[in-house]
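Student: My structure is stored as target.pdb, with PDB, C-alpha atoms, pLDDT in the B column.
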```
ATOM      1  CA  MET A   1       0.000   0.000   0.000  1.00 72.00           C
ATOM      2  CA  THR A   2       1.290   3.428  -0.898  1.00 59.00           C
ATOM      3  CA  GLU A   3       0.238   6.414   1.182  1.00 59.00           C
ATOM      4  CA  THR A   4      -0.530   9.958   0.167  1.00 56.00           C
ATOM      5  CA  ALA A   5      -1.700  12.867   2.270  1.00 53.00           C
ATOM      6  CA  LYS A   6      -1.615  16.621   1.980  1.00 49.00           C
ATOM      7  CA  SER A   7      -2.037  19.229   4.707  1.00 44.00           C
ATOM      8  CA  ASP A   8      -0.159  22.064   6.332  1.00 43.00           C
ATOM      9  CA  ALA A   9      -0.708  20.485   9.754  1.00 45.00           C
ATOM     10  CA  VAL A  10       1.876  18.281  11.447  1.00 75.00           C
ATOM     11  CA  GLN A  11      -0.814  15.613  11.773  1.00 86.00           C
ATOM     12  CA  PRO A  12      -3.072  16.023   8.745  1.00 96.00           C
ATOM     13  CA  PRO A  13      -6.792  15.519   9.360  1.00 97.00           C
ATOM     14  CA  LEU A  14      -6.977  13.073   6.445  1.00 98.00           C
ATOM     15  CA  LYS A  15      -4.642  10.323   5.407  1.00 97.00           C
ATOM     16  CA  ALA A  16      -5.021   8.028   2.414  1.00 98.00           C
ATOM     17  CA  GLY A  17      -3.481   4.771   1.309  1.00 97.00           C
ATOM     18  CA  ILE A  18      -3.708   3.350  -2.211  1.00 98.00           C
ATOM     19  CA  ILE A  19      -4.232  -0.401  -2.586  1.00 98.00           C
ATOM     20  CA  PRO A  20      -4.275  -1.657  -6.213  1.00 98.00           C
ATOM     21  CA  VAL A  21      -6.808  -4.457  -6.651  1.00 97.00           C
ATOM     22  CA  THR A  22      -8.149  -6.794  -9.350  1.00 95.00           C
ATOM     23  CA  PRO A  23      -6.250  -7.819 -12.508  1.00 94.00           C
ATOM     24  CA  LEU A  24      -6.927  -4.285 -13.804  1.00 94.00           C
ATOM     25  CA  GLN A  25      -4.868  -2.763 -10.941  1.00 96.00           C
ATOM     26  CA  GLN A  26      -7.639  -0.446  -9.850  1.00 97.00           C
ATOM     27  CA  ASN A  27      -6.659   2.044  -7.150  1.00 98.00           C
ATOM     28  CA  CYS A  28      -8.802   1.268  -4.132  1.00 98.00           C
ATOM     29  CA  THR A  29      -8.234   4.104  -1.658  1.00 98.00           C
ATOM     30  CA  LEU A  30      -8.331   3.790   2.109  1.00 98.00           C
ATOM     31  CA  LEU A  31      -9.274   7.173   3.585  1.00 98.00           C
ATOM     32  CA  TRP A  32      -9.193   7.791   7.299  1.00 98.00           C
ATOM     33  CA  CYS A  33      -9.730  10.529   9.840  1.00 98.00           C
ATOM     34  CA  THR A  34      -6.560  10.781  11.924  1.00 97.00           C
ATOM     35  CA  LYS A  35      -8.456  12.185  14.919  1.00 97.00           C
ATOM     36  CA  THR A  36     -10.912   9.281  15.210  1.00 98.00           C
ATOM     37  CA  MET A  37      -9.069   6.595  13.199  1.00 98.00           C
ATOM     38  CA  LYS A  38     -12.342   5.841  11.445  1.00 98.00           C
ATOM     39  CA  GLY A  39     -12.063   5.195   7.730  1.00 98.00           C
ATOM     40  CA  ALA A  40     -13.687   4.247   4.455  1.00 98.00           C
ATOM     41  CA  LEU A  41     -12.611   2.271   1.432  1.00 98.00           C
ATOM     42  CA  VAL A  42     -13.267   3.994  -1.873  1.00 98.00           C
ATOM     43  CA  ASP A  43     -13.949   1.511  -4.705  1.00 98.00           C
ATOM     44  CA  PRO A  44     -13.219  -1.825  -3.014  1.00 98.00           C
ATOM     45  CA  GLY A  45     -13.620  -3.770  -6.239  1.00 97.00           C
ATOM     46  CA  GLY A  46     -11.841  -7.005  -5.335  1.00 97.00           C
ATOM     47  CA  ASP A  47      -8.966  -8.714  -3.505  1.00 97.00           C
ATOM     48  CA  LEU A  48     -10.887  -8.355  -0.253  1.00 97.00           C
ATOM     49  CA  ASP A  49      -8.313 -10.201   1.877  1.00 97.00           C
ATOM     50  CA  LYS A  50      -5.669  -7.746   0.681  1.00 97.00           C
ATOM     51  CA  LEU A  51      -7.917  -4.801   1.554  1.00 98.00           C
ATOM     52  CA  LYS A  52      -8.761  -6.117   5.022  1.00 98.00           C
ATOM     53  CA  ALA A  53      -5.069  -6.723   5.729  1.00 97.00           C
ATOM     54  CA  ALA A  54      -4.230  -3.138   4.722  1.00 97.00           C
ATOM     55  CA  VAL A  55      -6.951  -1.756   6.983  1.00 97.00           C
ATOM     56  CA  ALA A  56      -5.717  -3.875   9.895  1.00 97.00           C
ATOM     57  CA  LYS A  57      -2.105  -2.788   9.336  1.00 97.00           C
ATOM     58  CA  VAL A  58      -3.041   0.883   9.586  1.00 96.00           C
ATOM     59  CA  GLY A  59      -5.280   0.265  12.593  1.00 97.00           C
ATOM     60  CA  VAL A  60      -8.317   1.944  11.084  1.00 97.00           C
ATOM     61  CA  THR A  61     -11.916   1.082  11.979  1.00 98.00           C
ATOM     62  CA  LEU A  62     -13.938   0.945   8.779  1.00 98.00           C
ATOM     63  CA  GLU A  63     -17.302   2.677   9.005  1.00 98.00           C
ATOM     64  CA  LYS A  64     -18.458   2.670   5.373  1.00 98.00           C
ATOM     65  CA  LEU A  65     -17.659   1.885   1.746  1.00 98.00           C
ATOM     66  CA  LEU A  66     -17.706   4.577  -0.931  1.00 99.00           C
ATOM     67  CA  VAL A  67     -18.165   3.967  -4.666  1.00 98.00           C
ATOM     68  CA  THR A  68     -17.283   6.351  -7.505  1.00 98.00           C
ATOM     69  CA  HIS A  69     -19.012   4.408 -10.288  1.00 98.00           C
ATOM     70  CA  GLY A  70     -20.504   1.087 -11.230  1.00 98.00           C
ATOM     71  CA  HIS A  71     -17.771  -0.600 -13.244  1.00 97.00           C
ATOM     72  CA  LEU A  72     -16.696  -4.095 -12.267  1.00 96.00           C
ATOM     73  CA  ASP A  73     -13.124  -3.336 -11.192  1.00 97.00           C
ATOM     74  CA  HIS A  74     -14.305  -0.535  -8.931  1.00 98.00           C
ATOM     75  CA  CYS A  75     -17.230  -2.150  -7.137  1.00 98.00           C
ATOM     76  CA  GLY A  76     -17.606  -5.793  -8.185  1.00 97.00           C
ATOM     77  CA  GLN A  77     -17.008  -7.086  -4.647  1.00 98.00           C
ATOM     78  CA  THR A  78     -18.209  -4.045  -2.697  1.00 98.00           C
ATOM     79  CA  GLY A  79     -21.521  -5.669  -1.811  1.00 98.00           C
ATOM     80  CA  MET A  80     -19.754  -8.806  -0.647  1.00 98.00           C
ATOM     81  CA  LEU A  81     -17.481  -6.812   1.673  1.00 98.00           C
ATOM     82  CA  ALA A  82     -20.416  -4.769   2.975  1.00 98.00           C
ATOM     83  CA  ASP A  83     -22.327  -7.950   3.805  1.00 98.00           C
ATOM     84  CA  GLU A  84     -19.321  -9.519   5.508  1.00 98.00           C
ATOM     85  CA  LEU A  85     -18.476  -6.516   7.677  1.00 98.00           C
ATOM     86  CA  GLY A  86     -21.954  -5.040   8.119  1.00 98.00           C
ATOM     87  CA  LEU A  87     -21.041  -1.727   6.498  1.00 98.00           C
ATOM     88  CA  PRO A  88     -23.159   0.785   4.573  1.00 98.00           C
ATOM     89  CA  ILE A  89     -22.381   1.616   0.938  1.00 98.00           C
ATOM     90  CA  GLU A  90     -22.599   5.227  -0.250  1.00 98.00           C
ATOM     91  CA  GLY A  91     -22.493   6.040  -3.953  1.00 98.00           C
ATOM     92  CA  PRO A  92     -22.443   6.267  -6.825  1.00 98.00           C
ATOM     93  CA  HIS A  93     -25.159   8.444  -8.436  1.00 98.00           C
ATOM     94  CA  GLU A  94     -28.255   6.428  -9.300  1.00 98.00           C
ATOM     95  CA  ASP A  95     -27.631   6.879 -13.038  1.00 98.00           C
ATOM     96  CA  ASP A  96     -25.132   4.027 -12.634  1.00 98.00           C
ATOM     97  CA  ARG A  97     -27.762   1.633 -11.316  1.00 98.00           C
ATOM     98  CA  PHE A  98     -27.759  -0.307 -14.595  1.00 98.00           C
ATOM     99  CA  TRP A  99     -24.015  -0.995 -14.270  1.00 98.00           C
ATOM    100  CA  ILE A 100     -24.365  -2.305 -10.724  1.00 98.00           C
ATOM    101  CA  GLU A 101     -27.369  -4.450 -11.636  1.00 97.00           C
ATOM    102  CA  GLN A 102     -25.331  -6.283 -14.292  1.00 97.00           C
ATOM    103  CA  LEU A 103     -22.316  -7.084 -12.092  1.00 97.00           C
ATOM    104  CA  ASP A 104     -23.466 -10.703 -11.755  1.00 95.00           C
ATOM    105  CA  GLU A 105     -23.119 -11.074 -15.516  1.00 93.00           C
ATOM    106  CA  ASP A 106     -20.043  -8.869 -15.971  1.00 90.00           C
ATOM    107  CA  GLY A 107     -17.976 -10.861 -13.454  1.00 89.00           C
ATOM    108  CA  PRO A 108     -17.852 -14.155 -15.381  1.00 90.00           C
ATOM    109  CA  ARG A 109     -17.440 -12.231 -18.627  1.00 89.00           C
ATOM    110  CA  TRP A 110     -14.169 -10.785 -17.316  1.00 88.00           C
ATOM    111  CA  GLY A 111     -13.111 -13.850 -15.321  1.00 90.00           C
ATOM    112  CA  MET A 112     -13.719 -12.103 -11.993  1.00 91.00           C
ATOM    113  CA  VAL A 113     -15.966 -12.698  -9.009  1.00 93.00           C
ATOM    114  CA  ALA A 114     -18.605  -9.984  -8.696  1.00 96.00           C
ATOM    115  CA  LYS A 115     -22.004  -9.504  -7.106  1.00 97.00           C
ATOM    116  CA  SER A 116     -24.723  -6.942  -7.695  1.00 98.00           C
ATOM    117  CA  PHE A 117     -25.815  -4.849  -4.710  1.00 98.00           C
ATOM    118  CA  GLU A 118     -28.069  -1.979  -3.711  1.00 98.00           C
ATOM    119  CA  PRO A 119     -26.201   0.977  -2.188  1.00 98.00           C
ATOM    120  CA  THR A 120     -27.388   2.129   1.204  1.00 98.00           C
ATOM    121  CA  ARG A 121     -27.388   5.650  -0.199  1.00 98.00           C
ATOM    122  CA  TRP A 122     -27.293   6.885  -3.756  1.00 98.00           C
ATOM    123  CA  LEU A 123     -25.419  10.180  -4.051  1.00 98.00           C
ATOM    124  CA  LYS A 124     -26.060  13.308  -6.059  1.00 98.00           C
ATOM    125  CA  ASP A 125     -24.133  16.464  -6.859  1.00 98.00           C
ATOM    126  CA  GLY A 126     -23.774  18.682  -3.794  1.00 98.00           C
ATOM    127  CA  ASP A 127     -24.151  15.891  -1.240  1.00 98.00           C
ATOM    128  CA  THR A 128     -21.551  15.291   1.454  1.00 98.00           C
ATOM    129  CA  VAL A 129     -20.250  12.085   3.013  1.00 98.00           C
ATOM    130  CA  THR A 130     -18.555  11.794   6.370  1.00 98.00           C
ATOM    131  CA  VAL A 131     -15.564   9.681   7.386  1.00 98.00           C
ATOM    132  CA  GLY A 132     -14.984  10.080  11.099  1.00 98.00           C
ATOM    133  CA  GLU A 133     -14.995  13.859  11.546  1.00 98.00           C
ATOM    134  CA  LEU A 134     -14.049  14.485   7.908  1.00 98.00           C
ATOM    135  CA  VAL A 135     -16.652  15.905   5.532  1.00 98.00           C
ATOM    136  CA  LEU A 136     -16.134  15.158   1.829  1.00 98.00           C
ATOM    137  CA  ASP A 137     -17.986  16.913  -0.962  1.00 98.00           C
ATOM    138  CA  VAL A 138     -19.708  14.772  -3.593  1.00 98.00           C
ATOM    139  CA  ILE A 139     -19.308  16.008  -7.164  1.00 98.00           C
ATOM    140  CA  HIS A 140     -21.313  14.334  -9.928  1.00 98.00           C
ATOM    141  CA  CYS A 141     -18.957  13.977 -12.919  1.00 98.00           C
ATOM    142  CA  PRO A 142     -20.687  12.082 -15.755  1.00 98.00           C
ATOM    143  CA  GLY A 143     -18.960  11.089 -18.971  1.00 98.00           C
ATOM    144  CA  HIS A 144     -17.057   7.885 -18.257  1.00 98.00           C
ATOM    145  CA  THR A 145     -20.303   6.577 -16.805  1.00 98.00           C
ATOM    146  CA  PRO A 146     -23.493   8.614 -16.329  1.00 98.00           C
ATOM    147  CA  GLY A 147     -23.491   8.230 -12.544  1.00 98.00           C
ATOM    148  CA  HIS A 148     -19.816   8.773 -11.757  1.00 98.00           C
ATOM    149  CA  VAL A 149     -19.035  10.805  -8.639  1.00 98.00           C
ATOM    150  CA  VAL A 150     -15.852  12.318  -7.223  1.00 98.00           C
ATOM    151  CA  PHE A 151     -15.070  12.690  -3.502  1.00 98.00           C
ATOM    152  CA  PHE A 152     -13.290  15.928  -2.493  1.00 98.00           C
ATOM    153  CA  HIS A 153     -11.876  16.938   0.884  1.00 98.00           C
ATOM    154  CA  ALA A 154     -11.347  20.678   0.552  1.00 98.00           C
ATOM    155  CA  PRO A 155      -9.251  21.259   3.711  1.00 97.00           C
ATOM    156  CA  SER A 156      -6.724  18.643   2.557  1.00 98.00           C
ATOM    157  CA  ARG A 157      -6.826  19.713  -1.116  1.00 98.00           C
ATOM    158  CA  PHE A 158      -7.415  16.051  -1.945  1.00 98.00           C
ATOM    159  CA  ALA A 159      -9.771  14.199  -4.277  1.00 98.00           C
ATOM    160  CA  THR A 160     -10.492  10.644  -5.348  1.00 98.00           C
ATOM    161  CA  VAL A 161     -11.672  10.879  -8.935  1.00 98.00           C
ATOM    162  CA  GLY A 162     -12.181   7.299 -10.110  1.00 98.00           C
ATOM    163  CA  ASP A 163     -11.939   7.015 -13.881  1.00 98.00           C
ATOM    164  CA  VAL A 164     -12.766  10.632 -14.725  1.00 98.00           C
ATOM    165  CA  LEU A 165      -9.156  11.812 -14.942  1.00 98.00           C
ATOM    166  CA  PHE A 166      -5.727  10.183 -14.947  1.00 98.00           C
ATOM    167  CA  LYS A 167      -2.159  11.427 -14.980  1.00 98.00           C
ATOM    168  CA  GLY A 168      -1.780  12.304 -18.660  1.00 97.00           C
ATOM    169  CA  SER A 169      -5.125  10.889 -19.758  1.00 98.00           C
ATOM    170  CA  ILE A 170      -8.896  10.818 -19.209  1.00 98.00           C
ATOM    171  CA  GLY A 171     -11.524   8.118 -18.814  1.00 98.00           C
ATOM    172  CA  ARG A 172     -12.887   6.064 -21.680  1.00 97.00           C
ATOM    173  CA  THR A 173     -16.255   7.113 -23.046  1.00 97.00           C
ATOM    174  CA  ASP A 174     -17.000   4.214 -25.398  1.00 96.00           C
ATOM    175  CA  PHE A 175     -18.936   2.200 -22.803  1.00 94.00           C
ATOM    176  CA  PRO A 176     -22.756   2.233 -22.727  1.00 94.00           C
ATOM    177  CA  ARG A 177     -24.039   5.721 -21.862  1.00 96.00           C
ATOM    178  CA  GLY A 178     -20.551   7.183 -21.882  1.00 97.00           C
ATOM    179  CA  ASN A 179     -20.246  10.665 -23.378  1.00 98.00           C
ATOM    180  CA  HIS A 180     -16.991  12.364 -24.341  1.00 98.00           C
ATOM    181  CA  GLN A 181     -18.265  15.934 -24.153  1.00 97.00           C
ATOM    182  CA  ASP A 182     -19.863  15.289 -20.774  1.00 98.00           C
ATOM    183  CA  LEU A 183     -16.515  14.015 -19.514  1.00 98.00           C
ATOM    184  CA  ILE A 184     -14.622  17.061 -20.784  1.00 98.00           C
ATOM    185  CA  ASP A 185     -17.236  19.323 -19.206  1.00 98.00           C
ATOM    186  CA  SER A 186     -17.023  17.438 -15.906  1.00 98.00           C
ATOM    187  CA  ILE A 187     -13.264  17.899 -15.765  1.00 98.00           C
ATOM    188  CA  THR A 188     -13.084  21.517 -16.878  1.00 98.00           C
ATOM    189  CA  GLN A 189     -16.239  22.840 -15.207  1.00 98.00           C
ATOM    190  CA  LYS A 190     -16.311  20.805 -11.988  1.00 98.00           C
ATOM    191  CA  LEU A 191     -12.748  19.704 -11.212  1.00 98.00           C
ATOM    192  CA  TRP A 192     -10.572  22.569 -12.437  1.00 98.00           C
ATOM    193  CA  PRO A 193     -12.431  25.174 -10.317  1.00 98.00           C
ATOM    194  CA  LEU A 194     -11.477  23.246  -7.180  1.00 98.00           C
ATOM    195  CA  GLY A 195      -7.918  24.526  -7.565  1.00 98.00           C
ATOM    196  CA  GLU A 196      -4.628  23.650  -9.222  1.00 98.00           C
ATOM    197  CA  ASP A 197      -3.136  22.593  -5.884  1.00 98.00           C
ATOM    198  CA  VAL A 198      -5.530  19.657  -5.477  1.00 98.00           C
ATOM    199  CA  THR A 199      -3.809  16.261  -5.421  1.00 98.00           C
ATOM    200  CA  PHE A 200      -5.960  13.476  -6.842  1.00 98.00           C
ATOM    201  CA  VAL A 201      -5.970   9.695  -6.789  1.00 98.00           C
ATOM    202  CA  PRO A 202      -7.162   8.334 -10.141  1.00 98.00           C
ATOM    203  CA  GLY A 203      -8.799   4.970 -10.683  1.00 98.00           C
ATOM    204  CA  HIS A 204      -5.585   3.599 -12.180  1.00 98.00           C
ATOM    205  CA  GLY A 205      -1.960   4.686 -12.235  1.00 98.00           C
ATOM    206  CA  PRO A 206      -0.059   7.369 -10.317  1.00 98.00           C
ATOM    207  CA  THR A 207      -1.416  10.395  -8.490  1.00 98.00           C
ATOM    208  CA  SER A 208      -1.174  13.878  -9.943  1.00 98.00           C
ATOM    209  CA  THR A 209      -2.506  17.396  -9.397  1.00 98.00           C
ATOM    210  CA  PHE A 210      -5.182  19.314 -11.256  1.00 98.00           C
ATOM    211  CA  GLY A 211      -2.620  22.010 -11.978  1.00 98.00           C
ATOM    212  CA  LEU A 212      -0.207  19.617 -13.652  1.00 98.00           C
ATOM    213  CA  GLU A 213      -2.979  18.124 -15.777  1.00 98.00           C
ATOM    214  CA  ARG A 214      -4.161  21.580 -16.853  1.00 97.00           C
ATOM    215  CA  LYS A 215      -0.652  22.221 -18.101  1.00 97.00           C
ATOM    216  CA  THR A 216       0.331  18.867 -19.605  1.00 97.00           C
ATOM    217  CA  ASN A 217      -2.642  16.533 -20.150  1.00 97.00           C
ATOM    218  CA  GLN A 218      -2.974  15.912 -23.902  1.00 96.00           C
ATOM    219  CA  PHE A 219      -6.774  15.693 -23.637  1.00 97.00           C
ATOM    220  CA  VAL A 220      -7.789  18.468 -21.252  1.00 97.00           C
ATOM    221  CA  SER A 221      -4.879  20.879 -20.888  1.00 96.00           C
ATOM    222  CA  ASP A 222      -5.692  24.558 -21.304  1.00 93.00           C
ATOM    223  CA  MET A 223      -3.542  24.575 -24.433  1.00 92.00           C
ATOM    224  CA  MET A 224      -5.357  21.632 -26.021  1.00 89.00           C
ATOM    225  CA  LEU A 225      -8.793  23.026 -25.296  1.00 89.00           C
ATOM    226  CA  GLY A 226      -7.891  26.546 -26.330  1.00 79.00           C
TER     227      GLY A 226
END
```
Would you mind writing the file out in structure tokens?
Tutor:
Amino acid sequence: MTETAKSDAVQPPLKAGIIPVTPLQQNCTLLWCTKTMKGALVDPGGDLDKLKAAVAKVGVTLEKLLVTHGHLDHCGQTGMLADELGLPIEGPHEDDRFWIEQLDEDGPRWGMVAKSFEPTRWLKDGDTVTVGELVLDVIHCPGHTPGHVVFFHAPSRFATVGDVLFKGSIGRTDFPRGNHQDLIDSITQKLWPLGEDVTFVPGHGPTSTFGLERKTNQFVSDMMLG
């Protein structure tokens, strides 16, 4: 597990660890409140023993599971973990219901174990979720999927963005109900205004900052978009 955290405090209010899971090396993120040591897993898509071991190593008490979108690698085993540990599931936006409902079929198609589930709480733009004493903003960012959400902790200048944005790239839009223009609009109209100093964990690959992507990303840099 690799850790990332950003704050001007000696003990930052939020810490995060990245745990790649599934054959697609999806970045499951363990977020926790350092004051309460309560945490949440964002996109626990698989490799549940690995995730539970990481949580135990840090000493965090899980209180919920968060989901950015309904694709198999991000949430295929979320319902299974929720059932095992008795945890609520928050997210994604209900426009991704159709993705979650077909997890039972998508799992065998990709050679992975997956189970459909019903989130405890569907999220919408402007909602907040809590992790311990942390309050994260929910930002609906359609394009990769119609119900994709991003979780943003403003005091830490930190976001988990799923498959909306990557270091040097953006999410695919050729899946059912994907939309390229919606994705570009989500990034430029909802993420960029949060600030160039925001560090983000993407769904795959290394972390980056919104500022670096605005300067260098071949798909959404200011230069490319004019």
Student: Please provide as an MDAnalysis selection string all residues within 9 Å of Gly143 (chain A), with the sequence filter that same-chain residues fewer than 5 positions apart are discarded (counting only C-alpha atoms).
Tutor: chainID A and resid 148 164 171:173 177:186
Student: Quick one: which residues end up in the PyMOL selection byres ((chain A and resi 150) around 8) for this structure, as a PyMOL selection string?
Tutor: chain A and resi 68+138-141+148-149+151-152+159-162
Student: List the spatial neighbours of Lys115 (chain A) as a list in words - criterion: any atom at most 6 Å away, only C-alpha atoms, same-chain residues fewer than 6 positions off excluded.
Tutor: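 Once the nearby chain positions are removed, what remains is Gly76, Leu103 and Asp104 of chain A.
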Student: Using only C-alpha atoms for the distances, tell me which of A:Asp96, A:Asp137, A:Glu90, A:Asp43 is nearest to Pro119 (chain A).
Tutor: A:Glu90
Student: Hey, which of A:Arg214, A:Lys190, A:Arg121, A:His93 ends up closest to Lys167 (chain A)? Count all atoms listed in the file.
Tutor: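 For Lys167 (chain A), the nearest of the given residues is A:Arg214.
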Student: Please evaluate the PyMOL selection byres ((chain A and resi 26) around 12) against the displayed coordinates and give the resulting residues as a VMD selection string.
Tutor: chain A and resid 18 to 25 27 to 29 42 to 47 71 to 76 162 to 163 166 201 to 206
Student: Just want the 7 Å neighbourhood of region 83-87 of chain A, counted on all atoms listed in the file, with same-chain residues fewer than 3 positions away dropped. Output as a list in words.
Tutor: Glu63, Lys64, Leu65, Gly79 and Met80 of chain A
Student: Would you output that residue set with C-alpha atoms, as a compact mmCIF listing (two decimals), in the coordinates of the input?
Tutor:
```txt
# COMPACT_ATOMS: atom_id res chain seq x y z
CA GLU A 63 -17.30 2.68 9.01
CA LYS A 64 -18.46 2.67 5.37
CA LEU A 65 -17.66 1.88 1.75
CA GLY A 79 -21.52 -5.67 -1.81
CA MET A 80 -19.75 -8.81 -0.65
```
Student: Restricting the calculation to only C-alpha atoms, which member of A:Leu134, A:Val60, A:Leu66, A:Leu123 is positioned closest to Thr78 (chain A)?
Tutor: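 Ranking A:Leu134, A:Val60, A:Leu66, A:Leu123 by distance to Thr78 (chain A), first place goes to A:Leu66.
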Student: Just the number, please: distance in Å from CA of Ala114 (chain A) to CA of Arg97 (chain A), one decimal.
Tutor: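 We find that CA of Ala114 (chain A) and CA of Arg97 (chain A) lie 15.0 Å from each other.
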Student: Let me make sure I understand: among A:Gly70, A:Pro146, A:Pro155, A:Gly17, which one has the smallest atom-to-atom distance to Glu118 (chain A) if we use only C-alpha atoms?
Tutor: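 Selected residue with least distance to Glu118 (chain A): A:Gly70.
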